[in-house]
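Trainee: Sharing a structure, written as structure tokens. Questions coming.
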Amino acid sequence: MIGSKLDLKQLFSRFRIPALIFLCFVFASCSSVNTITIQGSYPSPLVSQLPLTLGVVYDNIFSDYSFTEVDEYSGEDQYVINSGASQVALFNTILPAVFNEVVYLNNADDAVNYPDLDMIFKPAIEEFQIGLPQKTRLDVYEIWVKYNMSLTAPNGNTIADWVMTAYGKAPQSTFGSVDDGVNEAAIEAFRDLAATFSLGLTSIPEVNNWLQMNNVL
Amino acid sequence: MKHNKLLVKAPLLACLACFLMILSACTTTEIDQFRQSDTEINSDESIVILGRRQGTSHETELDFVECVGDVVASGSDGINVIPETTFLDEMFPFFEPRTAPMRTDHLEQLMSQEIAAQKIAEFGVEYIVWLDGLTQRSGESGSISCAVGPGGGGCFGFGTWTDDSNFEAEIWDMDTLTSAGAISADANGQSYLPAIILPIPLIARVESNVCSGMGQQLKSFLNGSV
């Protein structure tokens, strides 16, 4: 009898950590929060390249950007949408197509190590909104994002600071699950941003003035 | 004895099959065509069929665009159709919902950009077809209830609904940068779902009929045979 108690104790101590991991896994899977990580690929835009060297800074807020949709009835987190990595991938596709050379910087101060830089670009997300069919009563998943784009000279002087919005939608009939629908709507929104950014950058008055002053246009 | 039973059942089964066929074929399709200029396409030339997705109320489904493309490309008189996603990715960012040309004068502006004109020429695109439309469901009525017990389960009831499809194809000639014409397709059909132990879906193939009709008409239009 004593022997069997010892065996149980040994058994418990041996499997304590795996049991805890298993319980954590069970509780995590029972949780109502659904995490959606946006995944997609983006085409390189077909635009004339600017003969400039651009430094790019993605701060942690941007590269790890996550949006939490709260259930309006329970007040609890309903969906967590991780889009930072996908947005970094998007800009890493657009910028080398728009600029002759792109240098990735850890921060703006890093610019002193690159004397050939013409300008530094820093994107930021100001707002992120999601529209789910069960809430909007529409047959589409929707994503709307408001960005703040900043272009500065290597010495820190502002060249341009402007707001851009992106919108994407995906029909509920095509994408049955919320995860797929939200993912597709987000990819559409990011493509929308890429399209308007790559076609409209040189038309932004401050950017256009700078480009003309520096004989780029 | 068994032979007699089969003889009795055979006409009943035949009647049921006929009834089901009549019910499932309740779809009316109407195709209209409006031609503005002559069209002709060679075997080394291609077309691209794109869905309009600018509207807030609806967007043309990718599946429908693909379906029409398959019909146009099929048969001995089939036409080379560039897949929509390939064209959109290769022409990015010129045919996205916010940047795509809405009228032929916008197309002229786009083609004045060398980078876009060169890519279109690489594709060998002779015509761009814009598809716009949707299928709407209405008149849903009836109810079906299902129950499961220890001895088995089953459903009982009757449901019915109407599907209404309206699509329009606008054809742009890439040589003249003008509209060559338009084709519209309307179809509606009543679907039934009787349930006697098992639900028996009798679905009106409204959208697939529109797809087939639109695809055939488009092929004839582009080949210049109608």
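Residue numbering restarts at 1 for every chain of the structure tokens, chains are lettered A, B, ... in their displayed order, and ligands are numbered from 1 as they appear.
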Report as a list in words all protein, DNA and RNA residues lying within 8 Å of segment 37-40 of chain A, evaluated on only C-alpha atoms, omitting residues in the same chain fewer than 4 positions from it.

Mentor: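 Residues near the query, excluding close chain neighbours: Ile81, Asn82, Ser83, Ser86, Asn183, Ala186 and Ile187 of chain A.
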
Trainee: Just write the chosen residues, N, CA, C and O atoms, as a PDB file, in the first residue's frame.

Mentor:
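Contents of again35.pdb, freshly written:
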ATOM      1  N   ILE A  81      -6.425  40.321 -34.247  1.00  0.00           N
ATOM      2  CA  ILE A  81      -5.943  40.264 -35.633  1.00  0.00           C
ATOM      3  C   ILE A  81      -4.503  40.773 -35.686  1.00  0.00           C
ATOM      4  O   ILE A  81      -4.247  41.958 -35.448  1.00  0.00           O
ATOM      5  N   ASN A  82      -3.589  39.872 -35.951  1.00  0.00           N
ATOM      6  CA  ASN A  82      -2.164  40.225 -36.045  1.00  0.00           C
ATOM      7  C   ASN A  82      -1.842  40.522 -37.506  1.00  0.00           C
ATOM      8  O   ASN A  82      -1.893  39.626 -38.340  1.00  0.00           O
ATOM      9  N   SER A  83      -1.544  41.803 -37.791  1.00  0.00           N
ATOM     10  CA  SER A  83      -1.284  42.160 -39.193  1.00  0.00           C
ATOM     11  C   SER A  83       0.088  42.781 -39.397  1.00  0.00           C
ATOM     12  O   SER A  83       0.448  43.096 -40.530  1.00  0.00           O
ATOM     13  N   SER A  86       2.518  41.049 -41.904  1.00  0.00           N
ATOM     14  CA  SER A  86       2.010  41.112 -43.260  1.00  0.00           C
ATOM     15  C   SER A  86       2.178  42.524 -43.852  1.00  0.00           C
ATOM     16  O   SER A  86       2.457  42.677 -45.044  1.00  0.00           O
ATOM     17  N   ASN A 183      -9.025  37.478 -43.321  1.00  0.00           N
ATOM     18  CA  ASN A 183      -7.706  37.444 -43.978  1.00  0.00           C
ATOM     19  C   ASN A 183      -7.805  38.024 -45.391  1.00  0.00           C
ATOM     20  O   ASN A 183      -6.995  38.870 -45.781  1.00  0.00           O
ATOM     21  N   ALA A 186      -8.419  41.772 -45.351  1.00  0.00           N
ATOM     22  CA  ALA A 186      -7.190  42.494 -44.982  1.00  0.00           C
ATOM     23  C   ALA A 186      -6.228  42.552 -46.161  1.00  0.00           C
ATOM     24  O   ALA A 186      -5.645  43.610 -46.441  1.00  0.00           O
ATOM     25  N   ILE A 187      -6.091  41.442 -46.887  1.00  0.00           N
ATOM     26  CA  ILE A 187      -5.191  41.426 -48.051  1.00  0.00           C
ATOM     27  C   ILE A 187      -5.691  42.424 -49.108  1.00  0.00           C
ATOM     28  O   ILE A 187      -4.905  43.158 -49.704  1.00  0.00           O
TER      29      ILE A 187
END

Trainee: Give the residues of chain B that lie within 7 Å of chain A; count only C-alpha atoms, and format the answer as an MDAnalysis selection string.

Mentor: chainID B and resid 89 91:93 96

Trainee: Within segment 60-136 of chain B, find each residue whose DSSP state, derived from the backbone, is helix (DSSP H, G or I), and express the selection as a PyMOL selection string.

Mentor: chain B and resi 62-73+84-90+104-111+114-123

Trainee: From a DSSP pass on the backbone, collect the residues of segment 142-215 of chain B flagged as strand (DSSP E) and hand them back as a PyMOL selection string.

Mentor: chain B and resi 142-149+152-173+178-199

Trainee: Find the residues near segment 205-215 of chain B: any atom within 6 Å, counting only C-alpha atoms, skip ones fewer than 2 places away on the same chain, and give them as an MDAnalysis selection string.

Mentor: chainID B and resid 68 71:72 188:189 217:218

Trainee: If you count only C-alpha atoms, which residues fall within 6 Å of Asn166 of chain B, apart from same-chain ones fewer than 3 positions away, as a list in words?

Mentor: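 Listing them by chain and then by number gives Gly133, Leu134, Ala185 and Asp186 of chain B.
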
Trainee: In Å, rounded to a single decimal, give me how far atom CA of Leu222 of chain B is from atom CA of Thr39 of chain B.

Mentor: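 Between atom CA of Thr39 of chain B and atom CA of Leu222 of chain B the gap is 5.5 Å.
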